[in-house]
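K.L.:
So that you have it, the file is upload_2.txt, and it contains compact mmCIF, C-alpha atoms and all ligand atoms:
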```
# COMPACT_ATOMS: atom_id res chain seq x y z
CA MET D 24 20.27 -7.52 16.92
CA ASN D 25 20.95 -6.01 13.47
CA TYR D 26 18.37 -3.41 12.49
CA PRO D 27 18.44 -1.35 9.29
CA LYS D 28 19.77 2.18 9.84
CA ASN D 29 17.11 3.74 7.64
CA VAL D 30 13.56 2.71 6.90
CA LYS D 31 11.42 3.91 4.00
CA ILE D 32 7.77 4.36 4.90
CA VAL D 33 5.24 4.08 2.10
CA GLU D 34 2.10 5.92 3.13
CA VAL D 35 -0.96 4.15 1.73
CA GLY D 36 -3.62 6.08 3.65
CA PRO D 37 -5.10 8.01 0.72
CA ARG D 38 -5.54 4.76 -1.27
CA ASP D 39 -5.83 1.73 1.03
CA GLY D 40 -7.03 3.97 3.85
CA LEU D 41 -9.91 5.49 1.97
CA GLN D 42 -10.92 2.79 -0.53
CA ASN D 43 -13.00 0.98 2.07
CA GLU D 44 -14.79 4.00 3.54
CA LYS D 45 -18.55 3.78 3.17
CA ILE D 46 -19.13 7.53 2.87
CA THR D 47 -17.85 9.11 -0.35
CA VAL D 48 -14.75 11.10 0.41
CA ASP D 49 -14.84 14.24 -1.71
CA LEU D 50 -11.93 15.61 -3.67
CA PRO D 51 -11.10 18.56 -1.36
CA THR D 52 -10.86 16.17 1.61
CA LYS D 53 -8.47 13.89 -0.26
CA ILE D 54 -6.40 16.82 -1.47
CA LYS D 55 -6.15 18.23 2.05
CA LEU D 56 -5.06 14.83 3.37
CA ILE D 57 -2.37 14.44 0.71
CA HIS D 58 -1.18 18.01 1.18
CA GLN D 59 -0.86 17.51 4.93
CA LEU D 60 0.88 14.16 4.48
CA SER D 61 3.34 15.85 2.13
CA GLU D 62 4.39 18.14 4.96
CA THR D 63 5.26 15.29 7.33
CA GLY D 64 8.53 14.28 5.65
CA LEU D 65 7.11 11.33 3.70
CA LEU D 66 8.83 10.57 0.39
CA ASN D 67 6.37 7.95 -0.88
CA ILE D 68 2.62 8.43 -0.90
CA GLU D 69 0.20 6.06 -2.63
CA ALA D 70 -2.46 8.59 -3.49
CA GLY D 71 -5.15 6.61 -5.31
CA SER D 72 -6.01 3.85 -7.73
CA PHE D 73 -7.12 3.61 -11.33
CA VAL D 74 -9.35 0.59 -10.86
CA SER D 75 -12.87 0.13 -12.19
CA PRO D 76 -15.14 2.76 -10.59
CA LYS D 77 -17.88 0.11 -10.59
CA TRP D 78 -15.73 -2.04 -8.32
CA VAL D 79 -14.36 0.68 -6.04
CA PRO D 80 -16.44 3.87 -6.38
CA GLN D 81 -14.36 5.63 -3.73
CA MET D 82 -11.39 5.76 -6.11
CA ALA D 83 -13.40 7.07 -9.08
CA ASN D 84 -11.97 10.58 -8.71
CA SER D 85 -8.31 9.52 -8.89
CA ASP D 86 -7.95 11.23 -12.29
CA ASP D 87 -8.99 14.61 -10.84
CA LEU D 88 -6.93 13.95 -7.74
CA PHE D 89 -3.73 13.38 -9.70
CA GLN D 90 -4.34 16.48 -11.87
CA GLU D 91 -4.49 18.45 -8.64
CA ILE D 92 -1.39 16.73 -7.23
CA ASN D 93 0.55 17.53 -10.39
CA GLN D 94 -0.56 21.12 -10.54
CA ASN D 95 -0.49 22.13 -6.91
CA ILE D 96 1.23 19.61 -4.65
CA SER D 97 4.12 18.05 -6.59
CA PRO D 98 5.71 21.41 -7.51
CA ALA D 99 5.95 22.26 -3.79
CA PHE D 100 7.20 18.77 -2.84
CA PRO D 101 9.29 17.55 -5.80
CA GLN D 102 11.04 14.95 -3.62
CA ILE D 103 7.81 12.98 -3.08
CA GLN D 104 6.86 10.05 -5.31
CA PHE D 105 3.06 9.94 -5.62
CA SER D 106 1.97 6.52 -6.87
CA ALA D 107 -1.24 4.75 -7.86
CA LEU D 108 -2.59 1.23 -8.15
CA THR D 109 -3.32 0.01 -11.68
CA PRO D 110 -5.03 -3.37 -12.25
CA ASN D 111 -4.81 -3.46 -16.06
CA GLU D 112 -3.76 -1.52 -19.15
CA LYS D 113 -6.86 0.62 -19.02
CA GLY D 114 -5.93 1.74 -15.51
CA PHE D 115 -2.32 2.26 -16.57
CA ASP D 116 -3.37 4.43 -19.52
CA ARG D 117 -5.49 6.56 -17.20
CA ALA D 118 -2.55 6.89 -14.83
CA ILE D 119 -0.18 7.94 -17.60
CA GLU D 120 -2.64 10.54 -18.84
CA CYS D 121 -2.60 11.99 -15.34
CA GLY D 122 1.20 12.15 -15.33
CA VAL D 123 1.70 9.37 -12.75
CA LYS D 124 5.36 8.34 -12.52
CA GLU D 125 4.99 5.24 -10.35
CA VAL D 126 2.29 2.58 -10.45
CA ALA D 127 1.62 -0.53 -8.42
CA ILE D 128 0.33 -3.79 -9.85
CA PHE D 129 -1.36 -6.15 -7.44
CA ALA D 130 -1.62 -9.90 -7.48
CA ALA D 131 -2.62 -12.44 -4.85
CA ALA D 132 -1.09 -15.56 -3.38
CA THR D 133 -4.42 -17.40 -3.59
CA GLU D 134 -6.73 -18.11 -6.52
CA GLN D 135 -9.90 -17.29 -4.63
CA PHE D 136 -8.76 -13.88 -3.49
CA SER D 137 -7.51 -13.10 -6.99
CA GLN D 138 -10.95 -13.91 -8.40
CA LYS D 139 -12.79 -11.85 -5.79
CA ASN D 140 -10.46 -8.86 -6.01
CA ILE D 141 -9.64 -8.55 -9.69
CA ASN D 142 -11.97 -11.08 -11.31
CA CYS D 143 -9.32 -13.35 -12.80
CA SER D 144 -6.93 -16.13 -11.88
CA ILE D 145 -3.38 -15.48 -10.67
CA SER D 146 -1.88 -16.48 -14.01
CA GLU D 147 -4.39 -14.36 -15.93
CA SER D 148 -3.48 -11.40 -13.73
CA LEU D 149 0.22 -11.87 -14.46
CA GLU D 150 -0.53 -12.10 -18.19
CA ARG D 151 -2.55 -8.91 -17.91
CA PHE D 152 0.30 -7.14 -16.14
CA ALA D 153 2.89 -8.04 -18.79
CA PRO D 154 1.88 -5.48 -21.46
CA LEU D 155 1.33 -2.92 -18.71
CA ALA D 156 4.85 -3.52 -17.46
CA GLU D 157 6.26 -3.14 -20.98
CA LYS D 158 4.44 0.14 -21.43
CA ALA D 159 5.70 1.30 -18.05
CA GLN D 160 9.27 0.51 -18.99
CA SER D 161 9.11 2.45 -22.23
CA ALA D 162 7.36 5.36 -20.49
CA ASN D 163 9.98 5.37 -17.72
CA VAL D 164 7.35 4.69 -15.06
CA ARG D 165 8.43 2.73 -12.00
CA ILE D 166 6.40 -0.34 -11.04
CA ARG D 167 5.90 -1.66 -7.56
CA GLY D 168 4.21 -5.00 -6.91
CA TYR D 169 1.85 -6.28 -4.23
CA VAL D 170 1.08 -9.82 -3.22
CA SER D 171 -2.09 -10.11 -1.14
CA CYS D 172 -2.95 -12.77 1.42
CA VAL D 173 0.66 -13.68 2.17
CA LEU D 174 -0.14 -14.84 5.72
CA GLY D 175 -3.69 -16.04 5.27
CA CYS D 176 -6.67 -15.72 2.95
CA PRO D 177 -10.29 -14.93 3.86
CA TYR D 178 -11.44 -17.64 1.41
CA GLN D 179 -8.71 -20.29 1.31
CA GLY D 180 -7.51 -20.07 4.91
CA SER D 181 -3.84 -20.83 5.38
CA VAL D 182 -1.38 -19.98 2.61
CA GLY D 183 1.86 -21.79 1.79
CA THR D 184 5.11 -19.86 1.61
CA ASP D 185 5.69 -21.41 -1.86
CA GLU D 186 2.51 -19.78 -3.14
CA VAL D 187 3.81 -16.39 -1.99
CA LEU D 188 7.30 -16.98 -3.33
CA ASP D 189 6.01 -17.90 -6.82
CA VAL D 190 3.94 -14.76 -7.24
CA THR D 191 6.62 -12.53 -5.73
CA LYS D 192 9.20 -13.86 -8.18
CA SER D 193 6.78 -13.38 -11.09
CA LEU D 194 6.19 -9.75 -10.14
CA LEU D 195 9.92 -9.10 -9.89
CA ASP D 196 10.41 -10.79 -13.28
CA LEU D 197 7.84 -8.41 -14.72
CA GLY D 198 10.07 -5.52 -13.67
CA CYS D 199 8.77 -4.50 -10.24
CA TYR D 200 11.58 -2.80 -8.34
CA GLU D 201 10.04 -3.95 -5.05
CA VAL D 202 7.25 -6.27 -3.94
CA SER D 203 5.13 -5.46 -0.94
CA LEU D 204 3.88 -8.48 0.99
CA GLY D 205 0.31 -7.89 2.06
CA ASP D 206 -1.15 -9.44 5.18
CA THR D 207 -4.51 -8.40 3.78
CA ILE D 208 -6.61 -9.64 6.69
CA GLY D 209 -4.04 -8.95 9.39
CA ILE D 210 -3.99 -12.54 10.54
CA GLY D 211 -0.24 -13.14 10.64
CA THR D 212 1.86 -13.46 13.76
CA PRO D 213 5.57 -12.94 14.41
CA GLY D 214 5.93 -16.71 13.99
CA SER D 215 4.27 -16.88 10.58
CA THR D 216 6.00 -13.68 9.45
CA LYS D 217 9.36 -15.20 10.36
CA ASP D 218 8.51 -18.43 8.51
CA LEU D 219 7.48 -16.51 5.41
CA LEU D 220 10.56 -14.30 5.33
CA SER D 221 12.80 -17.29 6.06
CA ALA D 222 11.40 -18.91 2.91
CA LEU D 223 11.68 -15.79 0.75
CA LEU D 224 14.97 -14.21 1.80
CA PRO D 225 17.31 -16.95 0.54
CA VAL D 226 15.83 -16.35 -2.92
CA ILE D 227 14.89 -12.66 -2.97
CA PRO D 228 17.11 -9.85 -1.64
CA ALA D 229 15.67 -8.07 1.40
CA GLU D 230 16.00 -4.76 -0.49
CA GLN D 231 13.28 -5.90 -2.89
CA ILE D 232 10.73 -6.73 -0.20
CA ALA D 233 8.36 -4.45 1.69
CA LEU D 234 5.84 -5.33 4.39
CA HIS D 235 2.20 -4.27 4.18
CA MET D 236 0.58 -5.29 7.43
CA HIS D 237 -3.07 -4.84 8.27
CA ASP D 238 -3.70 -4.83 11.99
CA THR D 239 -6.88 -6.86 12.41
CA TYR D 240 -5.47 -9.08 15.16
CA GLY D 241 -3.18 -6.43 16.65
CA GLN D 242 -0.04 -8.18 15.40
CA ALA D 243 1.13 -5.71 12.77
CA LEU D 244 3.83 -3.94 14.80
CA ALA D 245 5.16 -7.24 16.14
CA ASN D 246 5.30 -8.60 12.59
CA ILE D 247 7.09 -5.48 11.40
CA LEU D 248 9.62 -5.83 14.21
CA ILE D 249 10.40 -9.34 12.96
CA GLY D 250 10.75 -7.96 9.45
CA LEU D 251 13.18 -5.27 10.62
CA GLN D 252 15.21 -7.88 12.46
CA MET D 253 15.39 -9.92 9.27
CA GLY D 254 16.64 -6.97 7.21
CA ILE D 255 13.44 -5.53 5.71
CA SER D 256 13.63 -1.75 5.47
CA VAL D 257 10.45 -0.74 3.62
CA ILE D 258 7.18 -0.57 5.53
CA ASP D 259 3.72 0.37 4.25
CA SER D 260 1.39 2.08 6.69
CA ALA D 261 -1.62 4.39 6.77
CA VAL D 262 -2.04 7.50 8.86
CA ALA D 263 -4.50 6.97 11.73
CA GLY D 264 -4.59 3.26 10.90
CA LEU D 265 -7.14 3.80 8.13
CA GLY D 266 -7.78 1.08 5.64
CA GLY D 267 -9.10 -2.24 4.49
CA CYS D 268 -9.90 -4.07 1.32
CA PRO D 269 -13.50 -4.17 0.07
CA TYR D 270 -12.92 -7.71 -1.22
CA ALA D 271 -11.46 -9.15 1.99
CA LYS D 272 -14.18 -9.67 4.53
CA GLY D 273 -13.04 -8.75 8.02
CA ALA D 274 -9.96 -6.87 6.86
CA SER D 275 -9.44 -3.88 9.12
CA GLY D 276 -7.07 -0.96 8.95
CA ASN D 277 -3.43 -0.86 8.04
CA VAL D 278 -0.85 -0.49 10.75
CA SER D 279 -0.83 3.22 11.54
CA THR D 280 2.05 5.36 10.33
CA GLU D 281 2.22 7.09 13.71
CA ASP D 282 2.70 3.75 15.51
CA VAL D 283 5.38 2.62 13.06
CA VAL D 284 7.23 5.91 13.53
CA TYR D 285 7.05 5.53 17.32
CA LEU D 286 8.44 1.99 17.02
CA LEU D 287 11.28 3.18 14.78
CA ASN D 288 12.07 6.08 17.13
CA GLY D 289 12.44 3.59 19.96
CA LEU D 290 14.94 1.62 17.90
CA ASP D 291 16.89 4.72 16.73
CA ILE D 292 16.09 3.92 13.12
CA ASN D 293 15.97 6.91 10.74
CA HIS D 294 12.72 7.50 8.86
CA GLY D 295 12.58 11.25 8.25
CA LEU D 296 9.00 11.75 9.43
CA GLN D 297 7.64 14.23 11.95
CA LEU D 298 5.37 12.47 14.41
CA ASP D 299 3.52 15.61 15.57
CA LYS D 300 2.56 16.51 12.01
CA LEU D 301 1.44 12.95 11.32
CA ILE D 302 -0.77 12.99 14.40
CA GLU D 303 -2.31 16.30 13.34
CA THR D 304 -2.95 14.88 9.85
CA GLY D 305 -4.49 11.71 11.26
CA ASN D 306 -6.75 13.68 13.58
CA GLY D 307 -7.83 15.86 10.64
CA ILE D 308 -8.85 13.00 8.36
CA CYS D 309 -10.57 11.15 11.21
CA ALA D 310 -12.62 14.25 12.01
CA ALA D 311 -13.56 14.56 8.33
CA LEU D 312 -14.60 10.88 8.22
CA GLY D 313 -16.37 11.02 11.59
CA ARG D 314 -14.36 8.12 12.98
CA SER D 315 -12.02 7.64 15.89
CA ASN D 316 -8.26 7.63 15.38
CA GLY D 317 -6.94 4.07 14.94
CA SER D 318 -3.41 4.99 16.03
CA LYS D 319 -2.67 4.15 19.64
CA VAL D 320 0.25 6.58 19.63
CA ALA D 321 -1.97 9.39 18.33
CA ARG D 322 -4.53 8.65 21.04
CA ALA D 323 -1.86 8.58 23.76
CA MET D 324 -0.32 11.84 22.55
CA GLN D 325 -3.53 13.85 22.15
CA PRO D 326 -2.85 17.45 23.14
P1 LIG Y 401 -13.84 -6.80 -14.78
O1 LIG Y 401 -15.28 -6.46 -14.52
O2 LIG Y 401 -13.47 -8.23 -14.93
O3 LIG Y 401 -13.22 -5.94 -15.98
O4 LIG Y 401 -12.99 -6.17 -13.58
P2 LIG Y 401 -13.56 -5.78 -17.47
O5 LIG Y 401 -12.28 -5.63 -18.18
O6 LIG Y 401 -14.54 -6.84 -17.93
O7 LIG Y 401 -14.32 -4.37 -17.51
C1 LIG Y 401 -15.60 -4.17 -16.95
C2 LIG Y 401 -15.91 -2.67 -17.01
O8 LIG Y 401 -14.99 -1.94 -16.19
C3 LIG Y 401 -15.80 -2.07 -18.40
O9 LIG Y 401 -16.69 -1.00 -18.46
C4 LIG Y 401 -14.39 -1.56 -18.42
O10 LIG Y 401 -14.20 -0.52 -19.35
C5 LIG Y 401 -14.24 -1.02 -17.00
P3 LIG Y 401 -18.14 -1.15 -19.18
O11 LIG Y 401 -17.84 -1.59 -20.58
O12 LIG Y 401 -18.89 -2.21 -18.39
O13 LIG Y 401 -18.74 0.21 -19.05
N1 LIG Y 401 -12.87 -0.99 -16.52
C6 LIG Y 401 -12.24 0.09 -16.04
N2 LIG Y 401 -12.66 1.34 -15.86
C7 LIG Y 401 -11.78 2.21 -15.35
N3 LIG Y 401 -10.51 1.87 -14.97
C8 LIG Y 401 -10.07 0.62 -15.14
C9 LIG Y 401 -10.96 -0.34 -15.69
N4 LIG Y 401 -10.84 -1.64 -15.97
C10 LIG Y 401 -12.01 -2.04 -16.50
N5 LIG Y 401 -8.83 0.29 -14.78
C11 LIG Y 401 -10.99 -5.17 -12.72
C12 LIG Y 401 -11.60 -6.32 -13.51
C13 LIG Y 401 -9.56 -5.52 -12.46
C14 LIG Y 401 -11.08 -3.91 -13.54
C15 LIG Y 401 -11.80 -5.01 -11.41
O14 LIG Y 401 -11.90 -6.24 -10.79
C16 LIG Y 401 -11.19 -4.02 -10.46
O15 LIG Y 401 -11.16 -2.82 -10.74
N6 LIG Y 401 -10.73 -4.50 -9.29
C17 LIG Y 401 -10.05 -3.66 -8.32
C18 LIG Y 401 -10.38 -4.09 -6.95
C19 LIG Y 401 -9.63 -3.22 -5.97
O16 LIG Y 401 -9.35 -2.07 -6.23
N7 LIG Y 401 -9.34 -3.79 -4.78
C20 LIG Y 401 -8.66 -3.07 -3.76
C21 LIG Y 401 -7.21 -2.83 -4.06
S1 LIG Y 401 -6.17 -4.22 -3.73
C22 LIG Y 401 -5.87 -4.14 -2.02
O17 LIG Y 401 -6.46 -3.36 -1.33
C23 LIG Y 401 -4.80 -5.03 -1.44
C24 LIG Y 401 -3.51 -4.27 -1.12
O18 LIG Y 401 -3.75 -3.21 -0.23
C25 LIG Y 401 -2.48 -5.24 -0.49
C26 LIG Y 401 -3.06 -6.03 0.65
O19 LIG Y 401 -3.53 -5.43 1.64
O20 LIG Y 401 -3.03 -7.25 0.55
C27 LIG Y 401 -2.88 -3.68 -2.40
MG MG Y 402 -3.90 -3.34 1.92
```
Show how you would write the structure in this file as structure tokens.
Ligand code: HMG
Ligand code: MG

P.N.:
Amino acid sequence: MNYPKNVKIVEVGPRDGLQNEKITVDLPTKIKLIHQLSETGLLNIEAGSFVSPKWVPQMANSDDLFQEINQNISPAFPQIQFSALTPNEKGFDRAIECGVKEVAIFAAATEQFSQKNINCSISESLERFAPLAEKAQSANVRIRGYVSCVLGCPYQGSVGTDEVLDVTKSLLDLGCYEVSLGDTIGIGTPGSTKDLLSALLPVIPAEQIALHMHDTYGQALANILIGLQMGISVIDSAVAGLGGCPYAKGASGNVSTEDVVYLLNGLDINHGLQLDKLIETGNGICAALGRSNGSKVARAMQP
């Protein structure tokens, strides 16, 4: 079996992990989480989002968060790319004002999820992203893309691989350097993951695809293993398995970073992360949120 030698992990805990938490997570807690994550060897941390605070109140303090990152965390960890989600030009302008150097735009494979999540159709969302992408290019800001509901939609049900391919291509055409395929409700299986990648990879190079697996049905690691076997080398995950989308009923946490690292260790794939520090970080944020740790590896390796 051919596995990639190196895998890039994109930590989405501070954004995807916290956006769905019912209790407001205060700024010091977020800063502590991001600081601790920065010490684990991660090179990519999605720290927040510049979405409407009416839609996702938990992310309302992303402006203050990024000021703090720029002043006190980035200087100590210059190798780390801290990124943020931006749904429109307004969000992009806020991000730029906060000195963000990488943003993510997010579209969906299904019309219904697009409407529920960002209040517009898929084509409207792509039109909305176009001026944002132009601004990003002239400001030298990198853009990553997301496609949600790639293996199933909470509203539409099953999703065709063509629907995913179309949106993925559109995001790449807009200038995204990479598109992350979101199994938003964690419904995919190794079989459906293989079918999806088999449809995409003849058209899109594996280097431009990342996997973003939620773990609702406990399939995320198995799906990631299929992805690795098919040449994917970028994996999104959240420390302690935090996460979910407020607009996807039943969506549970992301695959946990600790579990992905354990999987990669077992395959001798380089990732650059320190598992003990990740576990400590996951335990810390879970204590702050008053929830149990969603990482099986963290639970098994409790001191
Ligand atoms: P809308 O209501 O259609 O927007 O929302 P609008 O343009 O009509 O504006 C309404 C109000 O929001 C206005 O304020 C705007 O100024 C303000 P008002 O005049 O009423 O006082 N507004 C903003 N304020 C701050 N920042 C902004 C912004 N934009 C408008 N950027 C909108 C459309 C896209 C804004 C909204 O639907 C939204 O924010 N949606 C975000 C939902 C979200 O964050 N979902 C979770 C992230 S996606 C995800 O988790 C999936 C992923 O993990 C992958 C996967 O798992 O599949 C990425
Ligand atoms: Mg997600």

K.L.:
Would you mind reading off the distance between atom CA of Leu50 of chain D and atom CA of Asn93 of chain D, one decimal, in Å?

P.N.:
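Atom CA of Leu50 of chain D sits 14.3 Å away from atom CA of Asn93 of chain D.
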
K.L.:
To check your reading of the model: which residues sit at most 12 Å from ligand MG 402 (chain Y) when counting all atoms listed in the file? Write the answer as a VMD selection string.

P.N.:
chain D and resid 33 to 43 69 108 129 to 131 140 169 to 173 203 to 209 234 to 239 258 to 261 264 to 271 274 to 278

K.L.:
Take atom CA of Ser106 of chain D and atom CA of Gly71 of chain D and report the distance between them in Å, one decimal.

P.N.:
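Calculated distance between atom CA of Ser106 of chain D and atom CA of Gly71 of chain D is 7.3 Å.
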
K.L.:
If you count only C-alpha atoms, which residues fall within 9 Å of Leu56 of chain D, apart from same-chain ones fewer than 5 positions away, as a list in words?

P.N.:
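So the residues in contact are Gly36, Pro37, Pro51, Ser61, Thr304, Gly305, Gly307 and Ile308 of chain D.
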
K.L.:
Quick one: everything within 10 Å of Tyr178 of chain D, counting all atoms listed in the file, minus sequence neighbours fewer than 5 positions away in the same chain. Send it as number ranges by chain.

P.N.:
D: 133-136, 139, 172, 271-272

K.L.:
Would you mind listing what lies within 7 Å of segment 284-299 of chain D as a list in words, with only C-alpha atoms counted and same-chain residues fewer than 2 positions away left out?

P.N.:
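With the cut-off at 7 Å, the set is Pro27, Lys28, Asn29, Val30, Lys31, Thr63, Gly64, Leu65, Thr280, Glu281, Asp282, Leu301, Ile302 and Glu303 of chain D.
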
K.L.:
Could you dump the residues just selected with C-alpha atoms as an mmCIF file, in the coordinates of the input?

P.N.:
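Full text of result-v3.cif as output:
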```
data_model
loop_
_atom_site.group_PDB
_atom_site.id
_atom_site.type_symbol
_atom_site.label_atom_id
_atom_site.label_comp_id
_atom_site.auth_asym_id
_atom_site.auth_seq_id
_atom_site.Cartn_x
_atom_site.Cartn_y
_atom_site.Cartn_z
ATOM 1 C CA PRO D 27 18.440 -1.350 9.290
ATOM 2 C CA LYS D 28 19.770 2.180 9.840
ATOM 3 C CA ASN D 29 17.110 3.740 7.640
ATOM 4 C CA VAL D 30 13.560 2.710 6.900
ATOM 5 C CA LYS D 31 11.420 3.910 4.000
ATOM 6 C CA THR D 63 5.260 15.290 7.330
ATOM 7 C CA GLY D 64 8.530 14.280 5.650
ATOM 8 C CA LEU D 65 7.110 11.330 3.700
ATOM 9 C CA THR D 280 2.050 5.360 10.330
ATOM 10 C CA GLU D 281 2.220 7.090 13.710
ATOM 11 C CA ASP D 282 2.700 3.750 15.510
ATOM 12 C CA LEU D 301 1.440 12.950 11.320
ATOM 13 C CA ILE D 302 -0.770 12.990 14.400
ATOM 14 C CA GLU D 303 -2.310 16.300 13.340
#
```

K.L.:
Would you mind telling me which residue in D:Gln102, D:Asn306, D:Ser144, D:Ser181 lies nearest to ligand LIG 401 (chain Y) when using only C-alpha atoms and all ligand atoms?

P.N.:
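Between D:Gln102, D:Asn306, D:Ser144, D:Ser181, the residue approaching ligand LIG 401 (chain Y) most closely is D:Ser144.
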
K.L.:
Please measure the separation of atom CA of Ile103 of chain D and atom CA of Val123 of chain D, giving the value in Å to one decimal.

P.N.:
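Separation between atom CA of Ile103 of chain D and atom CA of Val123 of chain D: 12.0 Å.
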
K.L.:
Would you please work out which residue, of D:Ser137, D:Ser75, D:Ser193, D:Ser85, is nearest to ligand LIG 401 (chain Y) when using only C-alpha atoms and all ligand atoms?

P.N.:
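Selected residue with least distance to ligand LIG 401 (chain Y): D:Ser75.
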
K.L.:
Would you be able to write out as a ChimeraX atom specification which residues have an atom within 12 Å of (-5.4, 6.6, -9.6) in the file's coordinates, counting only C-alpha atoms?

P.N.:
/D:37-39,42,68-76,79-92,105-111,113-128

K.L.:
Which one is closest to ligand LIG 401 (chain Y): D:Leu223, D:Cys143, D:Val187, D:Leu197? Count all atoms listed in the file.

P.N.:
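Looking at the shortest contact to ligand LIG 401 (chain Y), the residue is D:Cys143.
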
K.L.:
Find the residue from D:Ile46, D:Ser279, D:Pro213, D:Ile32 that sits nearest to Ala311 of chain D; use only C-alpha atoms when measuring.

P.N.:
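Answer, going by the shortest atom-to-atom distance: D:Ile46.
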
K.L.:
Residues near Ala156 of chain D, anyone? I mean within 7 Å using all atoms listed in the file, not counting same-chain ones fewer than 3 positions away, as JSON, numbers by chain.

P.N.:
{"D": [152, 153, 159, 160, 197, 198]}

K.L.:
Return the padded bounding box of ligand LIG 401 (chain Y) as AutoDock Vina command-line options: axis-aligned, built from all atoms listed in the file, 4 Å added on each side, with centre and edge lengths in Å to one decimal.

P.N.:
```
--center_x -10.7 --center_y -3.0 --center_z -9.5 --size_x 24.4 --size_y 18.4 --size_z 30.2
```
